Amino acid sequence: MNYLFILRMIKSSIGRKQIMAVSGILLSFFMLIHLAENLLLFKGEEWYNGWVNILLSNPLTIYLEIGLLILFLLHITTGVWVRIEDWVNSRKRKYENINWQGGRTLGSATMLYTAIALLIYLGFHMLHFRFTDHSMGFYQMVTSAFRSKLFVTIYIAGAVALALHLSHGFQSAFQTLGINHKKYNFYIKILSYAVGISMVAFAAISIYFLLGLDIKPEAEYNNVIETIIE
Amino acid sequence: MENKKFNITLRVWKQKSEDSKGRFETYNVEGIIPEMSFLEMLDVLNEKLIKEGKEPVYVESDCREGICGCCGFVINGDVHGPDEHSTVCQLHMRRFKEGDVVTIEPFRAKAFPLIRDLVIDRGALDKIITAGGYISVNVGSAPDANTIPVDKNTAEKAMDYATCIGCGACVAACPNSAAMLFTGAKISHLASLPQGHPERTKRVLNMIKIMDSLGFGNCSNEYECEAVCPKEIKISAIAKMNREFLKANFLSEEDPDLPPVFHQSTVDVPEDE
């Protein structure tokens with residue numbers, strides 16, 4: 001069995017970045033699917049729980065989850081590794097003043113901070129939605145959580161961090177994999193910003209439930225009537 | 001002419017060696033003519049300092065026409081000075097005016113140890129070249145021109161990558177002090193030409209391996225290198241290097257970790273009895 005090429009991939013600075021790039025692109029696709037799933041929250045309880053049931057009743061879901069876990073682990077380990085290396089190889093003396101004049105953006109300059117924020121957020125998200133009691137139903141679990149201001153603040157922060165992270169990360173992954181051509185560089189950039197900005201929709205979902213926009217006026221009216229009758 | 005002369009204040013980084021503590025020293029430079037190059041202005045300053053018995057500012061320069069890659073430092077936060085895609089020696093004092101405070105720092109990177117003041121050791125770049133930035137040819141007379149046909153577009157593209165002068169500005173401007181643009185340019189140059197093809201697998205793997213061992217950082221695709229490169233080398237060089245690495249690692253059948261195999265004579269040479 002030839003495993004040298006895998007070893008070389010891990011040992012090389014470019015190889016590690018390519019592992020990070022491939023896992024990053026796949027994770028971006030997951031985020032888009034995850035966003036589409038969660039937009040079902042706007043359609044109401046029936047739709048959302050219906051989709052969750054489809055996922056839970058599918059025997060392949062657990063393998064997809066394991067695959068996702070592997071992607072996250074690959075992305076996080078290579079990311080931490082690359083960062084530690086950069087830190088070890090960083091300048092002994094900093095410049096008194098250096099003007100950034102290339103493609104440095106808010107997203108690219110904050111990759112480390114958004115990554116740390118996302119890691120903390122991921123742990124929080126897992127504890128509250130994945131490894132928790134699901135007996136009240138998934139729709140109820142999500143919507144009741146989004147009635148809390150603290151919770152929604154954390155989710156907005158997470159969505160903004162994700163948007164910044166992907167706005168640079170998505171296009172950066174293409175360059176790392178050697179996909180760069182003046183014909184389509186512009187489109188990759190636009191696509192990257194589009195993917196990044198679409199992540200803000202996650203924040204929109206939580207705000208929607210915080211403001212109680214899902215409670216229909218007549219339902220509210222009925223509730224009032226009911227309380228009066230009681 | 002006389003009234004065009006002006007004075008500036010220079011803040012120069014002074015440091016005796018890599019391990020000693022550095023500091024900024026302030027000098028007043030008087031009677032600067034706008035037509036002077038930046039290095040000539042430093043010459044004027046140094047002549048004055050030497051006459052006064054003081055220590056001059058150490059600065060490296062050679063060709064002074066923008067092709068050797070010797071000069072290079074950071075002027076007011078700009079790598080190679082405020083002019084776009086140019087070396088320090090091509091910068092002229094007409095870019096400055098009376099009373100300006102100009103701060104000069106050396107290129108800073110872990111892989112570039114400081115020799116003195118503004119002079120740095122770029123030897124790490126040479127080590128990357130010795131790892132494979134060349135082609136192996138048999139000795140003998142020069143081959144005839146055009147024995148290996150190269151079309152014009154390919155030749156132009158290879159030339160664009162070959163214009164790298166190894167000044168180290170890409171490393172100096174990189175937030176992670178990575179040498180990806182330099183290494184990418186060298187690999188892309190030779191990978192574009194038929195002469196470079198036989199060794200391309202070995203070349204890319206070895207050059208990246210050596211680059212990783214010299215204390216350069218990783219690429220975070222922020223394209224600061226491209227913005228300061230005096231020879232306008234594009235980050236497509238880095239993309240090409242990444243492609244070459246993938247190709248070498250996944251598609252090539254030769255084992256680059258083995259020592260080179262030289263052509264061996266098939267004729268049995270009788271041993272002496």
# chains A, B, ... in the order shown; residues from 1 in each chain; ligands from 1
>>> interface_residues(of="chain A", to="chain B", cutoff="8 Å", atoms="only C-alpha atoms", output="ChimeraX atom specification")
/A:5,8-9,12-15,82,85-86,89-105,108,172,175-181
>>> residues_around(residues="range 39-46 of chain A", least_positions_apart="5", cutoff="8 Å", atoms="only C-alpha atoms", output="CSV table (one decimal) with N, CA, C and O atoms, in the first residue's frame")
chain,number,residue,atom,x,y,z
A,139,TYR,N,-39.4,21.8,16.1
A,139,TYR,CA,-39.9,23.2,15.8
A,139,TYR,C,-40.0,24.0,17.1
A,139,TYR,O,-39.6,25.1,17.2
A,140,GLN,N,-40.7,23.3,18.1
A,140,GLN,CA,-40.9,24.0,19.4
A,140,GLN,C,-39.6,24.3,20.0
A,140,GLN,O,-39.4,25.4,20.6
A,205,ILE,N,-33.5,34.4,10.6
A,205,ILE,CA,-34.4,33.4,11.2
A,205,ILE,C,-34.6,33.7,12.7
A,205,ILE,O,-35.7,33.8,13.2
A,214,ASP,N,-43.9,35.0,13.8
A,214,ASP,CA,-44.5,33.7,13.4
A,214,ASP,C,-45.9,33.6,14.0
A,214,ASP,O,-46.7,32.8,13.5
>>> residues_around(residues="range 114-121 of chain B", least_positions_apart="4", cutoff="6 Å", atoms="only C-alpha atoms", output="ChimeraX atom specification")
/B:13-18,58-60,106
>>> write_last_selection(atoms="C-alpha atoms", output="compact mmCIF listing (two decimals), in the first residue's frame")
# COMPACT_ATOMS: atom_id res chain seq x y z
CA TRP B 13 16.05 51.84 11.67
CA LYS B 14 19.50 51.27 13.24
CA GLN B 15 20.46 47.82 14.44
CA LYS B 16 23.98 46.40 14.87
CA SER B 17 23.09 42.75 14.28
CA GLU B 18 20.18 40.29 14.27
CA TYR B 58 24.06 50.64 6.16
CA VAL B 59 22.14 50.04 2.96
CA GLU B 60 22.55 47.50 0.17
CA PRO B 106 14.22 46.99 6.75
>>> residues_around(residues="Met199 in chain A", least_positions_apart="2", cutoff="6 Å", atoms="only C-alpha atoms", output="PyMOL selection string")
chain A and resi 159+163+196-197+201-202
>>> closest_residue(among="A:Ala204, A:Leu118, A:Trp47, A:Thr153", to="Leu166 in chain A", atoms="only C-alpha atoms")
A:Leu118
>>> select_by_dssp(residues="range 6-168 of chain B", states="helix (DSSP H, G or I)", output="MDAnalysis selection string")
chainID B and resid 38:51 88:90 93:95 123:130 152:162
>>> closest_residue(among="B:Phe182, B:Tyr161, B:Phe96, B:Phe38", to="Phe73 in chain B", atoms="only C-alpha atoms")
B:Phe38
>>> decode(residues="range 116-128 of chain A", atoms="N, CA, C and O atoms", output="CSV table (one decimal), in the first residue's frame")
chain,number,residue,atom,x,y,z
A,116,ILE,N,-12.1,31.4,15.7
A,116,ILE,CA,-12.3,31.1,17.1
A,116,ILE,C,-13.7,31.3,17.5
A,116,ILE,O,-14.3,30.4,18.2
A,117,ALA,N,-14.3,32.4,17.1
A,117,ALA,CA,-15.7,32.6,17.4
A,117,ALA,C,-16.6,31.5,16.9
A,117,ALA,O,-17.5,31.0,17.7
A,118,LEU,N,-16.4,31.0,15.7
A,118,LEU,CA,-17.2,29.9,15.2
A,118,LEU,C,-17.0,28.6,15.9
A,118,LEU,O,-18.0,27.9,16.1
A,119,LEU,N,-15.8,28.4,16.4
A,119,LEU,CA,-15.5,27.2,17.2
A,119,LEU,C,-16.3,27.2,18.5
A,119,LEU,O,-17.0,26.2,18.8
A,120,ILE,N,-16.3,28.3,19.2
A,120,ILE,CA,-17.1,28.5,20.4
A,120,ILE,C,-18.6,28.4,20.1
A,120,ILE,O,-19.3,27.6,20.8
A,121,TYR,N,-19.0,29.0,19.0
A,121,TYR,CA,-20.4,29.0,18.6
A,121,TYR,C,-20.8,27.6,18.3
A,121,TYR,O,-21.9,27.1,18.7
A,122,LEU,N,-19.9,26.8,17.6
A,122,LEU,CA,-20.3,25.4,17.2
A,122,LEU,C,-20.5,24.6,18.5
A,122,LEU,O,-21.5,23.8,18.5
A,123,GLY,N,-19.7,24.7,19.5
A,123,GLY,CA,-19.9,24.0,20.7
A,123,GLY,C,-21.2,24.3,21.4
A,123,GLY,O,-22.0,23.4,21.7
A,124,PHE,N,-21.5,25.6,21.4
A,124,PHE,CA,-22.8,26.1,22.0
A,124,PHE,C,-24.0,25.6,21.2
A,124,PHE,O,-24.9,25.0,21.8
A,125,HIS,N,-23.9,25.6,19.9
A,125,HIS,CA,-25.0,25.2,19.0
A,125,HIS,C,-25.2,23.7,19.2
A,125,HIS,O,-26.4,23.3,19.3
A,126,MET,N,-24.1,22.9,19.3
A,126,MET,CA,-24.3,21.5,19.5
A,126,MET,C,-24.9,21.2,20.8
A,126,MET,O,-25.8,20.3,20.9
A,127,LEU,N,-24.5,21.8,21.9
A,127,LEU,CA,-25.1,21.6,23.2
A,127,LEU,C,-26.5,21.9,23.3
A,127,LEU,O,-27.3,21.2,23.9
A,128,HIS,N,-26.9,23.0,22.6
A,128,HIS,CA,-28.3,23.4,22.7
A,128,HIS,C,-29.3,22.8,21.8
A,128,HIS,O,-30.5,22.7,22.1
